[in-house]
Amino acid sequence: MTLLRWKDEYSVGIAAVDHEHRELIDLINRLHQQLMASDAEQTVPAFFGDLLAGISAHFALEEKFMRDQGYERLAPHKEDHERLLDELREIMDAFEQSEEVDAVELSHRLDPWFTRHFRTHDAELHHAIGTHPH
Ligand SMILES: [Fe+2]
Ligand SMILES: [Fe+2]
């Protein structure tokens, strides 16, 4: 199953940002598919490690952009990033002993965060100061 499906509510109304967020969602789905593959070399801890790394990389890029631009709402935005990373670490600990990931539970925890964060913090940021260079 697909862990996360792109939906209109994810859109911040700027194509370049939506594109990046789609790539993030694709990455998450790809990692999950690798985990599900029967000949998986990907274990649950490795899956969460890669998931965390992929999401952190996206956050780091945004935070650098906000710092470089002197964006005034950096602190609450970064706090919301930290909130998701903390939650992921918690989920990771809970799954550590098991050999499979409950995809439904995981998507139910990720999806509301993405929906809200993209529409609030990310939309606000990118409408205020544009998009970061790649
Ligand atoms: Fe973002
Ligand atoms: Fe963000």
# chains A, B, ... in the order shown; residues from 1 in each chain; ligands from 1
>>> residues_near_ligand(ligand="ligand 1", cutoff="8 Å", atoms="only C-alpha atoms and all ligand atoms", output="JSON, numbers by chain")
{"A": [17, 20, 21, 58, 59, 62, 117, 118, 122]}
>>> residues_around(residues="Glu82 in chain A", least_positions_apart="5", cutoff="10 Å", atoms="only C-alpha atoms", output="MDAnalysis selection string")
chainID A and resid 56 59 76:77 87:88
>>> write_last_selection(atoms="N, CA, C and O atoms", output="CSV table (one decimal), in the first residue's frame")
chain,number,residue,atom,x,y,z
A,56,SER,N,14.3,15.1,7.8
A,56,SER,CA,15.3,16.1,8.4
A,56,SER,C,16.0,16.9,7.3
A,56,SER,O,16.2,18.1,7.5
A,59,PHE,N,13.7,19.6,6.2
A,59,PHE,CA,13.5,20.6,7.2
A,59,PHE,C,14.8,21.5,7.3
A,59,PHE,O,14.7,22.7,7.4
A,76,PRO,N,8.9,29.5,15.7
A,76,PRO,CA,7.7,28.6,15.7
A,76,PRO,C,7.7,27.6,14.6
A,76,PRO,O,7.2,26.5,14.8
A,77,HIS,N,8.3,28.0,13.5
A,77,HIS,CA,8.3,27.0,12.3
A,77,HIS,C,9.2,25.8,12.6
A,77,HIS,O,8.8,24.7,12.5
A,87,GLU,N,8.0,13.1,17.4
A,87,GLU,CA,6.9,12.1,17.3
A,87,GLU,C,7.4,10.9,16.5
A,87,GLU,O,7.1,9.7,16.8
A,88,LEU,N,8.2,11.1,15.4
A,88,LEU,CA,8.7,10.0,14.6
A,88,LEU,C,9.6,9.2,15.5
A,88,LEU,O,9.6,7.9,15.4
>>> residues_around(residues="Trp113 in chain A", least_positions_apart="4", cutoff="10 Å", atoms="only C-alpha atoms", output="PyMOL selection string")
chain A and resi 80-81+83-84+107-109+117-119
>>> write_last_selection(atoms="C-alpha atoms", output="PDB file, in the first residue's frame")
ATOM      1  CA  ASP A  80       6.813  22.480  14.543  1.00  0.00           C
ATOM      2  CA  HIS A  81       9.516  20.604  12.585  1.00  0.00           C
ATOM      3  CA  ARG A  83       7.541  18.254  17.003  1.00  0.00           C
ATOM      4  CA  LEU A  84       7.245  15.889  14.047  1.00  0.00           C
ATOM      5  CA  SER A 107       0.074   7.313   7.795  1.00  0.00           C
ATOM      6  CA  HIS A 108      -2.579   8.400  10.300  1.00  0.00           C
ATOM      7  CA  ARG A 109       0.134  10.069  12.307  1.00  0.00           C
ATOM      8  CA  HIS A 117       2.216  22.114   8.490  1.00  0.00           C
ATOM      9  CA  PHE A 118       2.167  22.584   4.714  1.00  0.00           C
ATOM     10  CA  ARG A 119      -0.942  24.756   4.884  1.00  0.00           C
TER      11      ARG A 119
END
>>> closest_residue(among="A:Val44, A:Leu27, A:Gly54, A:Pro133", to="Ile91 in chain A", atoms="only C-alpha atoms")
A:Val44
>>> closest_residue(among="A:Leu110, A:Met66, A:Val104, A:Ile14", to="ligand 2", atoms="only C-alpha atoms and all ligand atoms")
A:Met66
>>> residues_around(residues="Glu23 in chain A", least_positions_apart="5", cutoff="12 Å", atoms="only C-alpha atoms", output="number ranges by chain")
A: 4-6, 16-18, 28-30, 54-55, 58
>>> write_last_selection(atoms="N, CA and C atoms", output="compact mmCIF listing (two decimals), in the first residue's frame")
# COMPACT_ATOMS: atom_id res chain seq x y z
N LEU A 4 1.56 7.37 1.94
CA LEU A 4 0.94 8.70 1.87
C LEU A 4 0.57 9.02 0.43
N ARG A 5 -0.62 9.53 0.25
CA ARG A 5 -1.06 9.92 -1.07
C ARG A 5 -1.15 11.45 -1.13
N TRP A 6 -0.63 12.01 -2.20
CA TRP A 6 -0.72 13.46 -2.36
C TRP A 6 -2.18 13.87 -2.44
N ALA A 16 6.68 25.32 -7.18
CA ALA A 16 8.02 24.82 -6.84
C ALA A 16 8.03 24.17 -5.45
N VAL A 17 7.27 24.73 -4.53
CA VAL A 17 7.22 24.18 -3.17
C VAL A 17 6.42 22.87 -3.18
N ASP A 18 5.30 22.89 -3.89
CA ASP A 18 4.50 21.66 -3.99
C ASP A 18 5.33 20.54 -4.60
N ILE A 28 9.14 9.04 0.94
CA ILE A 28 8.56 8.29 2.06
C ILE A 28 7.90 7.01 1.54
N ASN A 29 7.16 7.14 0.45
CA ASN A 29 6.50 5.96 -0.12
C ASN A 29 7.50 4.95 -0.66
N ARG A 30 8.56 5.44 -1.27
CA ARG A 30 9.59 4.54 -1.81
C ARG A 30 10.25 3.75 -0.69
N GLY A 54 15.49 11.62 5.55
CA GLY A 54 14.87 12.30 4.41
C GLY A 54 14.06 13.51 4.86
N ILE A 55 13.28 13.33 5.90
CA ILE A 55 12.45 14.42 6.40
C ILE A 55 13.33 15.52 7.00
N HIS A 58 14.85 17.80 4.39
CA HIS A 58 13.92 18.81 3.90
C HIS A 58 13.79 19.96 4.90
>>> select_by_dssp(residues="range 58-98 of chain A", states="alpha helix (DSSP H)", output="number ranges by chain")
A: 58-68, 74-95
>>> residues_around(residues="Gln69 in chain A", least_positions_apart="4", cutoff="10 Å", atoms="only C-alpha atoms", output="count of residues only")
6
>>> atom_distance(atom1="CA of His32 in chain A", atom2="CA of Asp111 in chain A")
14.6 Å
>>> atom_distance(atom1="CA of Leu52 in chain A", atom2="CA of Leu85 in chain A")
7.2 Å
>>> atom_distance(atom1="CA of Phe48 in chain A", atom2="CA of Glu96 in chain A")
9.4 Å
>>> residues_around(residues="Val101 in chain A", least_positions_apart="3", cutoff="12 Å", atoms="only C-alpha atoms", output="MDAnalysis selection string")
chainID A and resid 1 3 31:33 35:36 42:48 91:98 104:107
>>> write_last_selection(atoms="N, CA, C and O atoms", output="compact mmCIF listing (two decimals), in the first residue's frame")
# COMPACT_ATOMS: atom_id res chain seq x y z
N MET A 1 0.84 -1.20 0.00
CA MET A 1 0.00 0.00 0.00
C MET A 1 0.87 1.25 0.00
O MET A 1 2.02 1.22 0.41
N LEU A 3 1.91 4.60 1.46
CA LEU A 3 1.86 5.14 2.82
C LEU A 3 1.15 6.50 2.84
O LEU A 3 0.27 6.74 3.65
N LEU A 31 10.59 4.44 0.39
CA LEU A 31 11.22 3.77 1.53
C LEU A 31 10.30 2.70 2.09
O LEU A 31 10.72 1.60 2.42
N HIS A 32 9.02 3.05 2.16
CA HIS A 32 8.05 2.09 2.69
C HIS A 32 7.91 0.88 1.76
O HIS A 32 7.84 -0.26 2.21
N GLN A 33 7.93 1.13 0.44
CA GLN A 33 7.84 0.02 -0.51
C GLN A 33 9.05 -0.91 -0.40
O GLN A 33 8.91 -2.12 -0.50
N LEU A 35 10.70 -1.47 2.23
CA LEU A 35 10.51 -2.24 3.46
C LEU A 35 9.54 -3.40 3.23
O LEU A 35 9.71 -4.48 3.77
N MET A 36 8.52 -3.14 2.40
CA MET A 36 7.48 -4.14 2.16
C MET A 36 7.92 -5.24 1.19
O MET A 36 7.33 -6.31 1.18
N GLN A 42 15.91 -3.93 3.66
CA GLN A 42 15.56 -2.82 4.54
C GLN A 42 14.85 -3.37 5.78
O GLN A 42 13.83 -4.01 5.66
N THR A 43 15.40 -3.10 6.93
CA THR A 43 14.75 -3.52 8.18
C THR A 43 13.95 -2.36 8.75
O THR A 43 14.08 -1.23 8.26
N VAL A 44 13.16 -2.62 9.76
CA VAL A 44 12.36 -1.55 10.36
C VAL A 44 13.24 -0.40 10.90
O VAL A 44 12.98 0.76 10.60
N PRO A 45 14.30 -0.72 11.66
CA PRO A 45 15.15 0.40 12.13
C PRO A 45 15.78 1.16 10.97
O PRO A 45 15.87 2.41 11.03
N ALA A 46 16.20 0.45 9.92
CA ALA A 46 16.80 1.14 8.77
C ALA A 46 15.76 2.01 8.08
O ALA A 46 16.06 3.14 7.67
N PHE A 47 14.55 1.49 7.98
CA PHE A 47 13.46 2.26 7.37
C PHE A 47 13.26 3.58 8.12
O PHE A 47 13.22 4.64 7.51
N PHE A 48 13.15 3.49 9.44
CA PHE A 48 12.93 4.70 10.22
C PHE A 48 14.14 5.64 10.15
O PHE A 48 13.98 6.86 10.12
N ILE A 91 7.50 6.99 17.63
CA ILE A 91 6.90 5.91 16.84
C ILE A 91 7.96 4.85 16.57
O ILE A 91 7.73 3.64 16.67
N MET A 92 9.15 5.33 16.25
CA MET A 92 10.29 4.46 15.95
C MET A 92 10.59 3.54 17.14
O MET A 92 10.76 2.34 16.99
N ASP A 93 10.61 4.12 18.34
CA ASP A 93 10.87 3.33 19.55
C ASP A 93 9.78 2.27 19.74
O ASP A 93 10.07 1.13 20.10
N ALA A 94 8.55 2.67 19.49
CA ALA A 94 7.43 1.75 19.68
C ALA A 94 7.51 0.58 18.70
O ALA A 94 7.10 -0.53 19.02
N PHE A 95 8.04 0.83 17.52
CA PHE A 95 8.11 -0.21 16.49
C PHE A 95 9.40 -1.02 16.56
O PHE A 95 9.56 -1.99 15.83
N GLU A 96 10.30 -0.61 17.40
CA GLU A 96 11.65 -1.18 17.39
C GLU A 96 11.66 -2.70 17.51
O GLU A 96 12.45 -3.38 16.88
N GLN A 97 10.79 -3.21 18.37
CA GLN A 97 10.78 -4.65 18.62
C GLN A 97 10.08 -5.44 17.51
O GLN A 97 10.30 -6.64 17.38
N SER A 98 9.23 -4.78 16.76
CA SER A 98 8.44 -5.53 15.78
C SER A 98 9.18 -5.62 14.45
O SER A 98 10.13 -4.88 14.20
N VAL A 104 -0.98 1.81 8.31
CA VAL A 104 -2.18 2.61 8.54
C VAL A 104 -1.95 3.56 9.71
O VAL A 104 -2.22 4.76 9.63
N GLU A 105 -1.38 3.01 10.78
CA GLU A 105 -1.12 3.86 11.94
C GLU A 105 -0.11 4.95 11.59
O GLU A 105 -0.29 6.12 11.93
N LEU A 106 0.94 4.55 10.89
CA LEU A 106 1.97 5.53 10.55
C LEU A 106 1.41 6.64 9.66
O LEU A 106 1.67 7.82 9.89
N SER A 107 0.62 6.27 8.67
CA SER A 107 0.07 7.31 7.79
C SER A 107 -0.94 8.18 8.54
O SER A 107 -1.04 9.37 8.28
